[in-house]
$ cat coords25.csv   # CSV, C-alpha atoms and all ligand atoms
chain,number,residue,atom,x,y,z
J,243,MET,CA,0.0,0.0,0.0
J,244,ILE,CA,1.3,3.4,-1.0
J,245,PRO,CA,0.5,6.4,1.3
J,246,SER,CA,-2.2,8.6,-0.2
J,247,SER,CA,0.1,11.6,0.4
J,248,LEU,CA,2.3,10.2,-2.5
J,249,TRP,CA,-0.3,8.7,-4.8
J,250,LYS,CA,-4.0,9.5,-5.1
J,251,ASP,CA,-6.5,9.3,-8.0
J,252,ASN,CA,-3.9,8.0,-10.3
J,253,THR,CA,-1.7,11.1,-9.7
J,254,LEU,CA,1.7,11.3,-8.1
J,255,TYR,CA,2.3,13.9,-5.3
J,256,GLN,CA,5.8,14.6,-4.2
J,257,PRO,CA,6.8,14.6,-0.5
J,258,ASP,CA,5.9,17.8,1.3
J,259,LYS,CA,9.3,18.2,2.7
J,260,LEU,CA,10.9,18.0,-0.7
J,261,ILE,CA,8.5,20.6,-2.1
J,262,ASP,CA,9.1,23.0,0.9
J,263,ILE,CA,12.9,22.8,0.4
J,264,TYR,CA,12.5,23.3,-3.4
J,265,LYS,CA,10.1,26.2,-3.1
J,266,ASN,CA,12.3,28.0,-0.5
J,267,LYS,CA,15.3,27.6,-2.8
J,268,LEU,CA,13.4,29.0,-5.8
J,269,ILE,CA,12.5,32.0,-3.8
J,270,GLU,CA,16.1,32.5,-2.6
J,271,LEU,CA,17.3,32.3,-6.2
J,272,SER,CA,14.5,34.7,-7.4
J,273,MET,CA,13.2,32.0,-9.7
J,274,TYR,CA,9.8,31.3,-8.1
J,275,ASP,CA,7.9,33.4,-10.6
J,276,HIS,CA,9.8,31.9,-13.5
J,277,ALA,CA,8.9,28.4,-12.3
J,278,LYS,CA,5.2,29.4,-11.7
J,279,LYS,CA,4.8,30.7,-15.3
J,280,TYR,CA,6.7,27.9,-17.0
J,281,HIS,CA,4.6,25.3,-18.9
J,282,LYS,CA,6.2,22.0,-19.3
J,283,LYS,CA,5.2,21.6,-22.9
J,284,THR,CA,8.7,22.1,-24.2
J,285,THR,CA,11.7,20.0,-23.1
J,286,GLY,CA,13.0,22.8,-20.8
J,287,ALA,CA,16.6,23.8,-20.0
J,288,THR,CA,19.1,20.9,-19.9
J,289,GLY,CA,21.4,22.5,-17.3
J,290,GLY,CA,24.8,23.8,-18.0
J,291,LYS,CA,27.9,25.2,-16.5
J,292,ASN,CA,27.0,28.7,-15.7
J,293,ILE,CA,24.7,30.0,-13.0
J,294,ALA,CA,22.0,31.4,-15.3
J,295,GLU,CA,21.6,28.0,-17.1
J,296,THR,CA,21.6,26.2,-13.7
J,297,LYS,CA,18.9,28.4,-12.3
J,298,LYS,CA,16.7,28.1,-15.4
J,299,HIS,CA,17.1,24.3,-15.3
J,300,PHE,CA,16.4,24.2,-11.6
J,301,ALA,CA,13.1,26.2,-12.1
J,302,GLU,CA,12.0,24.3,-15.2
J,303,ARG,CA,13.0,20.7,-14.8
J,304,PHE,CA,13.7,19.8,-11.1
J,305,LEU,CA,10.2,18.5,-10.3
J,306,THR,CA,10.0,16.5,-13.5
J,307,SER,CA,13.1,14.7,-12.7
J,308,SER,CA,12.2,14.1,-9.1
J,309,ALA,CA,8.8,12.9,-10.1
J,310,ARG,CA,10.3,10.2,-12.4
J,311,THR,CA,12.5,8.8,-9.6
J,312,GLN,CA,9.6,8.8,-7.2
J,313,PHE,CA,7.4,6.9,-9.7
J,314,VAL,CA,10.0,4.2,-9.9
J,315,ILE,CA,10.4,3.9,-6.1
J,316,ILE,CA,6.8,3.8,-5.1
J,317,ASP,CA,5.8,2.0,-8.3
J,318,PRO,CA,2.0,2.4,-7.9
J,319,ARG,CA,1.1,0.5,-11.1
J,320,GLU,CA,3.8,-2.1,-10.7
J,321,ASP,CA,5.5,-1.0,-13.9
J,322,PHE,CA,8.9,-1.5,-12.4
J,323,LEU,CA,8.2,-4.2,-9.8
J,324,GLU,CA,11.6,-5.8,-9.6
J,325,ILE,CA,13.5,-2.5,-9.4
J,326,SER,CA,11.2,-1.0,-6.9
J,327,VAL,CA,11.4,-4.0,-4.6
J,328,ASN,CA,15.2,-4.0,-5.1
J,329,LEU,CA,15.4,-0.2,-4.2
J,330,LYS,CA,13.3,-0.7,-1.1
J,331,ALA,CA,15.4,-3.6,0.0
J,332,THR,CA,18.7,-1.8,-0.7
J,333,PHE,CA,17.6,1.3,1.2
J,334,GLY,CA,15.9,-0.7,4.0
J,335,GLY,CA,18.9,-0.4,6.3
J,336,GLY,CA,22.7,-0.8,6.5
J,337,LYS,CA,25.6,1.1,4.9
J,338,ILE,CA,25.4,2.1,1.3
J,339,SER,CA,27.6,4.3,-0.8
J,340,ILE,CA,26.0,6.2,-3.8
J,341,LEU,CA,27.8,7.8,-6.7
J,342,ASP,CA,25.3,10.4,-7.9
J,343,ILE,CA,26.2,11.4,-11.5
J,344,PRO,CA,25.5,13.8,-13.0
J,345,ALA,CA,24.3,15.2,-9.7
J,346,GLY,CA,22.8,18.5,-11.1
J,347,THR,CA,20.9,20.3,-8.3
J,348,GLY,CA,19.9,16.9,-6.8
J,349,ALA,CA,16.4,16.2,-8.1
J,350,GLY,CA,17.1,12.5,-8.4
J,351,ILE,CA,18.8,11.9,-5.1
J,352,LEU,CA,16.5,14.2,-3.1
J,353,SER,CA,13.5,12.3,-4.5
J,354,LEU,CA,15.1,9.0,-3.6
J,355,LEU,CA,15.9,10.1,0.0
J,356,SER,CA,12.6,11.9,0.7
J,357,ASN,CA,10.5,9.1,-0.6
J,358,ILE,CA,12.3,6.4,1.4
J,359,SER,CA,11.8,8.7,4.4
J,360,GLU,CA,8.1,9.2,3.6
J,361,LEU,CA,7.6,5.4,3.3
J,362,ARG,CA,9.2,4.9,6.6
J,363,ALA,CA,7.2,7.6,8.2
J,364,HIS,CA,4.0,5.8,7.1
J,365,SER,CA,5.4,2.5,8.3
J,366,LYS,CA,5.5,1.1,4.7
J,367,LEU,CA,9.1,0.3,5.2
J,368,PRO,CA,11.0,-0.9,8.3
J,369,LYS,CA,12.7,1.8,10.2
J,370,LEU,CA,16.2,0.4,10.6
J,371,PRO,CA,19.3,2.6,10.8
J,372,LEU,CA,20.4,3.5,7.2
J,373,TYR,CA,23.8,5.1,6.6
J,374,ILE,CA,24.3,6.6,3.2
J,375,ASN,CA,27.5,8.0,1.8
J,376,ILE,CA,26.9,10.2,-1.3
J,377,LEU,CA,29.5,11.4,-3.7
J,378,ALA,CA,28.0,13.9,-6.2
J,379,GLY,CA,29.8,14.6,-9.5
J,380,ASP,CA,28.9,17.2,-12.1
J,381,PHE,CA,30.7,19.7,-14.3
J,382,SER,CA,28.6,22.6,-13.1
J,383,SER,CA,29.9,24.1,-9.9
J,384,SER,CA,26.8,26.3,-9.6
J,385,ALA,CA,24.5,23.2,-9.7
J,386,LEU,CA,26.7,21.5,-7.1
J,387,LYS,CA,26.4,24.5,-4.8
J,388,ILE,CA,22.6,24.2,-4.9
J,389,TYR,CA,22.9,20.4,-4.4
J,390,ASN,CA,25.0,20.9,-1.3
J,391,GLU,CA,22.6,23.4,0.2
J,392,LEU,CA,19.5,21.3,-0.5
J,393,LEU,CA,21.1,18.2,1.0
J,394,GLU,CA,22.0,20.2,4.1
J,395,GLU,CA,18.4,21.3,4.4
J,396,ILE,CA,17.0,17.7,4.2
J,397,LYS,CA,19.6,16.0,6.4
J,398,MET,CA,17.9,16.6,9.8
J,399,TYR,CA,14.5,15.6,8.5
J,400,LEU,CA,15.9,12.3,7.3
J,401,GLU,CA,17.4,11.6,10.7
J,402,TYR,CA,13.9,11.4,12.2
J,403,GLN,CA,13.5,8.3,10.1
J,404,LEU,CA,17.0,7.0,11.1
J,405,ILE,CA,18.5,7.8,7.7
J,406,TYR,CA,21.9,9.3,8.2
J,407,ILE,CA,23.6,10.8,5.2
J,408,ASN,CA,27.1,12.2,4.6
J,409,TYR,CA,27.9,13.7,1.3
J,410,GLU,CA,30.6,15.4,-0.8
J,411,ILE,CA,30.4,17.2,-4.0
J,412,CYS,CA,33.1,16.9,-6.7
J,413,GLU,CA,33.5,18.8,-10.0
J,414,TRP,CA,33.7,16.1,-12.7
J,415,ASP,CA,33.7,16.1,-16.4
J,416,ALA,CA,32.3,12.9,-17.9
J,417,SER,CA,34.2,13.5,-21.2
J,418,SER,CA,37.5,13.3,-19.3
J,419,PRO,CA,38.8,9.9,-18.2
J,420,GLN,CA,41.4,11.7,-15.9
J,421,SER,CA,38.6,13.5,-14.2
J,422,THR,CA,36.6,10.2,-13.8
J,423,ASN,CA,39.7,8.6,-12.3
J,424,LEU,CA,39.8,11.3,-9.6
J,425,LEU,CA,36.1,10.9,-9.0
J,426,ILE,CA,36.3,7.1,-8.6
J,427,ARG,CA,39.3,7.3,-6.3
J,428,LYS,CA,37.3,9.5,-4.1
J,429,PHE,CA,34.3,7.3,-4.3
J,430,LEU,CA,36.2,4.2,-3.3
J,431,GLN,CA,38.5,5.7,-0.7
J,432,ASN,CA,36.6,4.0,2.1
J,433,GLU,CA,35.1,1.2,0.1
J,434,ASP,CA,35.3,-1.5,2.8
J,435,ALA,CA,32.9,0.5,5.0
J,436,TYR,CA,29.9,-0.2,2.7
J,437,GLU,CA,27.8,-3.3,2.0
J,438,GLU,CA,26.7,-2.0,-1.4
J,439,HIS,CA,27.8,0.5,-4.0
J,440,TYR,CA,25.2,2.2,-6.0
J,441,VAL,CA,25.7,4.2,-9.2
J,442,PHE,CA,22.7,6.5,-9.7
J,443,MET,CA,22.5,8.1,-13.1
J,444,SER,CA,19.4,10.2,-13.5
J,445,ALA,CA,18.7,12.4,-16.5
J,446,PHE,CA,22.0,12.5,-18.5
J,447,SER,CA,20.5,12.0,-21.9
J,448,GLY,CA,19.5,15.6,-22.3
J,449,VAL,CA,23.1,16.7,-23.0
J,450,GLY,CA,22.3,15.4,-26.6
J,451,SER,CA,23.2,12.3,-28.5
J,452,PRO,CA,26.3,13.8,-30.4
J,453,ILE,CA,27.9,14.2,-27.0
J,454,TYR,CA,27.4,10.6,-25.7
J,455,LYS,CA,30.4,9.1,-27.4
J,456,GLN,CA,32.6,11.5,-25.5
J,457,PHE,CA,31.6,9.7,-22.3
J,458,ASP,CA,32.4,6.1,-23.4
J,459,LYS,CA,35.9,5.9,-21.8
J,460,SER,CA,34.6,7.4,-18.5
J,461,PHE,CA,31.6,5.2,-18.3
J,462,THR,CA,33.6,2.1,-19.1
J,463,TYR,CA,36.1,3.0,-16.5
J,464,ILE,CA,33.4,3.4,-13.9
J,465,GLN,CA,32.1,-0.1,-14.6
J,466,ILE,CA,35.5,-1.7,-14.5
J,467,ALA,CA,36.6,0.2,-11.3
J,468,LEU,CA,33.6,-1.1,-9.4
J,469,SER,CA,33.8,-4.7,-10.8
J,470,HIS,CA,35.2,-6.1,-7.5
J,471,LEU,CA,32.3,-4.7,-5.4
J,472,ASN,CA,28.6,-5.5,-4.8
J,473,THR,CA,27.4,-2.9,-7.3
J,474,THR,CA,24.2,-1.8,-8.8
J,475,ILE,CA,24.0,0.8,-11.7
J,476,LEU,CA,20.7,2.4,-12.3
J,477,TYR,CA,19.8,4.7,-15.1
J,478,ILE,CA,16.5,6.7,-15.0
J,479,GLU,CA,15.7,8.8,-18.1
J,480,PRO,CA,12.6,10.5,-19.6
J,481,ASN,CA,10.9,8.7,-22.4
J,482,THR,CA,12.3,10.9,-25.2
J,483,ASN,CA,14.0,10.1,-28.5
J,484,GLU,CA,17.3,11.3,-27.1
J,485,ALA,CA,17.0,9.0,-24.1
J,486,SER,CA,16.3,6.1,-26.5
J,487,SER,CA,19.7,6.8,-28.2
J,488,PHE,CA,21.3,7.2,-24.7
J,489,SER,CA,19.8,3.8,-23.8
J,490,LYS,CA,21.3,2.2,-26.9
J,491,PHE,CA,24.7,3.8,-26.1
J,492,ILE,CA,24.5,2.3,-22.5
J,493,THR,CA,23.5,-1.1,-23.8
J,494,LYS,CA,26.6,-1.2,-26.0
J,495,LEU,CA,28.9,-0.1,-23.2
J,496,HIS,CA,27.6,-2.8,-20.9
J,497,LYS,CA,28.5,-5.6,-23.3
J,498,LEU,CA,31.7,-5.6,-21.2
J,499,THR,CA,30.1,-5.9,-17.8
J,500,THR,CA,29.8,-9.7,-17.5
J,501,TRP,CA,30.1,-9.3,-13.7
J,502,LEU,CA,26.7,-7.5,-13.7
J,503,PRO,CA,24.7,-10.2,-15.4
J,504,LYS,CA,21.3,-9.1,-14.1
J,505,VAL,CA,19.9,-6.6,-16.6
J,506,ILE,CA,16.5,-4.9,-16.5
J,507,ASN,CA,15.4,-2.7,-19.4
J,508,ILE,CA,12.1,-0.9,-19.3
J,509,SER,CA,10.9,1.6,-21.8
J,510,GLN,CA,7.4,3.0,-21.2
J,511,ASP,CA,5.4,3.8,-24.3
J,512,SER,CA,3.4,7.0,-24.6
J,513,THR,CA,0.3,5.3,-23.4
J,514,SER,CA,1.9,4.4,-20.1
J,515,ARG,CA,2.9,7.9,-19.1
J,516,PHE,CA,2.0,8.9,-15.5
J,517,LYS,CA,0.4,12.0,-14.2
J,518,TRP,CA,2.0,14.1,-11.5
J,519,TYR,CA,0.9,17.2,-9.6
J,520,ASP,CA,3.1,20.2,-9.9
J,521,PRO,CA,2.5,22.3,-6.7
J,522,ILE,CA,4.2,25.3,-8.1
J,523,THR,CA,2.1,25.8,-11.3
J,524,GLY,CA,-0.9,23.8,-10.1
J,525,ASN,CA,-0.8,21.7,-13.3
J,526,THR,CA,-0.7,17.9,-13.7
J,527,PRO,CA,1.7,17.2,-16.5
J,528,LYS,CA,2.5,13.6,-17.7
J,529,SER,CA,5.9,11.9,-17.9
J,530,GLY,CA,7.3,8.6,-19.2
J,531,ILE,CA,10.4,6.7,-18.2
J,532,ILE,CA,13.2,4.8,-19.8
J,533,LEU,CA,15.0,2.7,-17.2
J,534,LYS,CA,18.0,0.4,-17.1
J,535,GLN,CA,19.5,-1.5,-14.2
J,536,TYR,CA,22.6,-3.6,-14.1
J,537,SER,CA,23.4,-5.7,-11.0
J,538,ARG,CA,24.7,-9.0,-9.7
J,539,GLU,CA,22.2,-11.8,-9.5
J,540,LYS,CA,20.2,-11.5,-6.4
J,601,LIG,C1,19.4,17.1,-16.2
J,601,LIG,S1,20.7,17.3,-15.1
J,601,LIG,C2,20.6,15.8,-14.1
J,601,LIG,C3,20.6,16.1,-12.7
J,601,LIG,C4,20.0,15.0,-11.8
J,601,LIG,N1,20.7,13.8,-11.8
J,601,LIG,C5,18.5,14.8,-11.9
J,601,LIG,O1,18.1,13.7,-11.7
J,601,LIG,O2,17.8,15.8,-12.2
J,601,LIG,C6,22.0,17.0,-16.2
J,601,LIG,C7,23.4,17.5,-15.6
J,601,LIG,O3,24.4,17.0,-16.4
J,601,LIG,C8,25.5,17.9,-16.2
J,601,LIG,N2,26.5,17.6,-17.3
J,601,LIG,C9,26.4,17.9,-18.6
J,601,LIG,N3,27.5,17.6,-19.2
J,601,LIG,C10,28.4,17.0,-18.3
J,601,LIG,C11,29.7,16.5,-18.4
J,601,LIG,N4,30.4,16.4,-19.5
J,601,LIG,N5,30.2,16.0,-17.2
J,601,LIG,C12,29.5,16.1,-16.0
J,601,LIG,N6,28.3,16.6,-15.9
J,601,LIG,C13,27.7,17.1,-17.0
J,601,LIG,C14,24.9,19.2,-16.2
J,601,LIG,O4,25.7,20.2,-15.5
J,601,LIG,C15,23.6,19.0,-15.4
J,601,LIG,O5,23.7,19.3,-14.1

$ encode --input "coords25.csv" --output "structure tokens"
Amino acid sequence: MIPSSLWKDNTLYQPDKLIDIYKNKLIELSMYDHAKKYHKKTTGATGGKNIAETKKHFAERFLTSSARTQFVIIDPREDFLEISVNLKATFGGGKISILDIPAGTGAGILSLLSNISELRAHSKLPKLPLYINILAGDFSSSALKIYNELLEEIKMYLEYQLIYINYEICEWDASSPQSTNLLIRKFLQNEDAYEEHYVFMSAFSGVGSPIYKQFDKSFTYIQIALSHLNTTILYIEPNTNEASSFSKFITKLHKLTTWLPKVINISQDSTSRFKWYDPITGNTPKSGIILKQYSREK
């Protein structure tokens, strides 16, 4: 059973705490009016290196991204049953280390954390101590600054549900293997302390398909560098043509990863899009998801 605060009348509602934090940050950045007037008919800003692009992306796309992650976790129609069960088991308790790339302003990870917390608050998940280490990589320092501030805001609230996070941000360029090497060294510096390593890649496809091949060395490196660990790699993307190309690119790269034999591929068609409530505009847009998960046999 899913709490009605998160799913009601076939519509997804995001956790109040996440919305509060998001709204306050919009106001602080003087982007609340922009977000209120923005209609999600166009694809919206994709996020970039400078502060103006970051703010625009934050105001236009944050809630769309967080809604997708939430829909996978709570899985109200059982579209992603195995993944949703797996996520709830992984984040049920223990010590987990997450590599959040590209982190952006944190829509994906904040949705993951706030929804696990909400499920615990409604006794839909056991409330066992959960220690999460997060390393956030992105090439936009302005996005990482907002990320850091939002995680600081949510930290205390998570602790009421025995979710303890520590996090670090790291400037990272996916087109540079050297930069990826530094990121991974940081991610693994205390690897023995964690039972599971999780690579969370949400909304990378928007950079555009001509760019993807610049990432192949870094993505391959990440897979190999984690091959000795209990690792899960999860990709959550919107259901767009670009994300379909991204998905094909990822499938090709993962031909190497024989140590992650359990592969789940889900691509929702346009008839399966879900409705979610946007508390800033009052609209109920629809979204679809392309999802891939690579893990060891469980
Ligand atoms: C749509 S955001 C995704 C953020 C977050 N994961 C989410 O779920 O919303 C895409 C991010 O990719 C970052 N990005 C684009 N090119 C990159 C590159 N070459 N290396 C690292 N990050 C990059 C942008 O700065 C932006 O923050």

$ closest_atom_pairs --input "coords25.csv" --of "region 417-526 of chain J" --to "region 351-365 of chain J" --cutoff "12 Å" --atoms "only C-alpha atoms" --output "JSON lines"
{"residue": "J:Tyr440", "atom": "CA", "partner": "J:Ile351", "partner_atom": "CA", "distance": 11.7}
{"residue": "J:Val441", "atom": "CA", "partner": "J:Ile351", "partner_atom": "CA", "distance": 11.1}
{"residue": "J:Phe442", "atom": "CA", "partner": "J:Ile351", "partner_atom": "CA", "distance": 8.1}
{"residue": "J:Met443", "atom": "CA", "partner": "J:Ile351", "partner_atom": "CA", "distance": 9.6}
{"residue": "J:Ser444", "atom": "CA", "partner": "J:Ile351", "partner_atom": "CA", "distance": 8.6}
{"residue": "J:Ala445", "atom": "CA", "partner": "J:Ile351", "partner_atom": "CA", "distance": 11.4}
{"residue": "J:Ile478", "atom": "CA", "partner": "J:Ile351", "partner_atom": "CA", "distance": 11.4}

$ residues_around --input "coords25.csv" --residues "Asp321 (chain J)" --least-positions-apart "2" --cutoff "12 Å" --atoms "all atoms listed in the file" --output "compact mmCIF listing (two decimals) with C-alpha atoms, in the frame of the given file"
# COMPACT_ATOMS: atom_id res chain seq x y z
CA PHE J 313 7.40 6.90 -9.70
CA VAL J 314 10.00 4.20 -9.90
CA ILE J 315 10.40 3.90 -6.10
CA ILE J 316 6.80 3.80 -5.10
CA ASP J 317 5.80 2.00 -8.30
CA PRO J 318 2.00 2.40 -7.90
CA ARG J 319 1.10 0.50 -11.10
CA LEU J 323 8.20 -4.20 -9.80
CA GLU J 324 11.60 -5.80 -9.60
CA ILE J 325 13.50 -2.50 -9.40
CA SER J 326 11.20 -1.00 -6.90
CA VAL J 327 11.40 -4.00 -4.60
CA ILE J 506 16.50 -4.90 -16.50
CA ASN J 507 15.40 -2.70 -19.40
CA ILE J 508 12.10 -0.90 -19.30
CA SER J 509 10.90 1.60 -21.80
CA GLN J 510 7.40 3.00 -21.20
CA ASP J 511 5.40 3.80 -24.30
CA SER J 514 1.90 4.40 -20.10
CA ARG J 515 2.90 7.90 -19.10
CA PHE J 516 2.00 8.90 -15.50
CA GLY J 530 7.30 8.60 -19.20
CA ILE J 531 10.40 6.70 -18.20
CA ILE J 532 13.20 4.80 -19.80
CA LEU J 533 15.00 2.70 -17.20

$ closest_residue --input "coords25.csv" --among "J:Thr523, J:Thr500, J:Asn375, J:Asn423" --to "Leu305 (chain J)" --atoms "all atoms listed in the file"
J:Thr523

$ closest_residue --input "coords25.csv" --among "J:Gly379, J:Gly524, J:Pro480, J:Pro452" --to "ligand LIG 601 (chain J)" --atoms "only C-alpha atoms and all ligand atoms"
J:Gly379

$ closest_atom_pairs --input "coords25.csv" --of "region 419-506 of chain J" --to "region 380-392 of chain J" --cutoff "12 Å" --atoms "all atoms listed in the file" --output "JSON lines"
{"residue": "J:Ser421", "atom": "CA", "partner": "J:Phe381", "partner_atom": "CA", "distance": 10.0}
{"residue": "J:Thr422", "atom": "CA", "partner": "J:Asp380", "partner_atom": "CA", "distance": 10.5}
{"residue": "J:Leu425", "atom": "CA", "partner": "J:Asp380", "partner_atom": "CA", "distance": 10.1}
{"residue": "J:Met443", "atom": "CA", "partner": "J:Asp380", "partner_atom": "CA", "distance": 11.2}
{"residue": "J:Ser444", "atom": "CA", "partner": "J:Asp380", "partner_atom": "CA", "distance": 11.9}
{"residue": "J:Phe446", "atom": "CA", "partner": "J:Asp380", "partner_atom": "CA", "distance": 10.5}
{"residue": "J:Val449", "atom": "CA", "partner": "J:Phe381", "partner_atom": "CA", "distance": 11.9}

$ residues_around --input "coords25.csv" --residues "Ile522 (chain J)" --least-positions-apart "3" --cutoff "12 Å" --atoms "only C-alpha atoms" --output "VMD selection string"
chain J and resid 255 to 256 261 to 262 264 to 266 268 to 269 273 to 282 301 to 306 518 to 519 525 to 527

$ closest_atom_pairs --input "coords25.csv" --of "region 488-519 of chain J" --to "region 465-471 of chain J" --cutoff "9 Å" --atoms "all atoms listed in the file" --output "tab-separated table"
residue	atom	partner	partner_atom	distance
J:His496	CA	J:Gln465	CA	8.2
J:Leu498	CA	J:Gln465	CA	8.6
J:Thr499	CA	J:Gln465	CA	6.9
J:Trp501	CA	J:Ser469	CA	6.6
J:Leu502	CA	J:Ser469	CA	8.2

$ atom_distance --input "coords25.csv" --atom1 "CA of Thr473 (chain J)" --atom2 "CA of Phe429 (chain J)"
12.7 Å

$ atom_distance --input "coords25.csv" --atom1 "CA of Glu410 (chain J)" --atom2 "CA of Ile426 (chain J)"
12.7 Å

$ closest_residue --input "coords25.csv" --among "J:Ala485, J:Leu430, J:Leu254, J:Ile453" --to "ligand LIG 601 (chain J)" --atoms "only C-alpha atoms and all ligand atoms"
J:Ile453

$ closest_residue --input "coords25.csv" --among "J:Gly346, J:Pro521, J:Pro371, J:Pro419" --to "ligand LIG 601 (chain J)" --atoms "only C-alpha atoms and all ligand atoms"
J:Gly346

$ closest_residue --input "coords25.csv" --among "J:Ser339, J:Ser451, J:Ser246, J:Thr332" --to "ligand LIG 601 (chain J)" --atoms "only C-alpha atoms and all ligand atoms"
J:Ser451

$ closest_residue --input "coords25.csv" --among "J:Ser512, J:Asn328, J:Ser307, J:Asn292" --to "ligand LIG 601 (chain J)" --atoms "all atoms listed in the file"
J:Ser307

$ atom_distance --input "coords25.csv" --atom1 "CA of Lys517 (chain J)" --atom2 "CA of Glu484 (chain J)"
21.3 Å

$ residues_around --input "coords25.csv" --residues "Ile374 (chain J)" --least-positions-apart "4" --cutoff "12 Å" --atoms "all atoms listed in the file" --output "PyMOL selection string"
chain J and resi 332-342+351+354-355+397+400-401+404-410+435-440

$ residues_around --input "coords25.csv" --residues "Gln535 (chain J)" --least-positions-apart "4" --cutoff "6 Å" --atoms "all atoms listed in the file" --output "PyMOL selection string"
chain J and resi 475-476+505-506

$ build_atoms --input "coords25.csv" --residues "region 461-477 of chain J" --atoms "N, CA and C atoms" --output "short mmCIF file (atom, residue, chain, number, x, y, z; two decimals), in the frame of the given file"
data_model
loop_
_atom_site.label_atom_id
_atom_site.label_comp_id
_atom_site.auth_asym_id
_atom_site.auth_seq_id
_atom_site.Cartn_x
_atom_site.Cartn_y
_atom_site.Cartn_z
N PHE J 461 32.59 6.11 -18.75
CA PHE J 461 31.60 5.20 -18.30
C PHE J 461 32.13 3.75 -18.20
N THR J 462 32.95 3.38 -19.17
CA THR J 462 33.60 2.10 -19.10
C THR J 462 34.48 1.94 -17.92
N TYR J 463 35.22 3.01 -17.68
CA TYR J 463 36.10 3.00 -16.50
C TYR J 463 35.38 2.83 -15.22
N ILE J 464 34.25 3.51 -15.10
CA ILE J 464 33.40 3.40 -13.90
C ILE J 464 33.02 1.95 -13.66
N GLN J 465 32.53 1.34 -14.74
CA GLN J 465 32.10 -0.10 -14.60
C GLN J 465 33.22 -0.98 -14.18
N ILE J 466 34.39 -0.80 -14.78
CA ILE J 466 35.50 -1.70 -14.50
C ILE J 466 36.02 -1.42 -13.03
N ALA J 467 36.09 -0.16 -12.67
CA ALA J 467 36.60 0.20 -11.30
C ALA J 467 35.77 -0.35 -10.20
N LEU J 468 34.49 -0.62 -10.49
CA LEU J 468 33.60 -1.10 -9.40
C LEU J 468 33.38 -2.63 -9.53
N SER J 469 34.09 -3.28 -10.45
CA SER J 469 33.80 -4.70 -10.80
C SER J 469 34.03 -5.64 -9.62
N HIS J 470 34.84 -5.24 -8.63
CA HIS J 470 35.20 -6.10 -7.50
C HIS J 470 34.15 -5.97 -6.36
N LEU J 471 33.19 -5.06 -6.54
CA LEU J 471 32.30 -4.70 -5.40
C LEU J 471 30.86 -5.18 -5.70
N ASN J 472 30.07 -5.21 -4.64
CA ASN J 472 28.60 -5.50 -4.80
C ASN J 472 28.00 -4.18 -5.33
N THR J 473 27.81 -4.14 -6.64
CA THR J 473 27.40 -2.90 -7.30
C THR J 473 26.11 -2.99 -8.03
N THR J 474 25.35 -1.89 -7.98
CA THR J 474 24.20 -1.80 -8.80
C THR J 474 24.32 -0.45 -9.61
N ILE J 475 24.03 -0.48 -10.89
CA ILE J 475 24.00 0.80 -11.70
C ILE J 475 22.62 0.97 -12.20
N LEU J 476 22.06 2.12 -11.84
CA LEU J 476 20.70 2.40 -12.30
C LEU J 476 20.63 3.68 -13.09
N TYR J 477 19.99 3.58 -14.26
CA TYR J 477 19.80 4.70 -15.10
C TYR J 477 18.30 5.04 -15.20
#
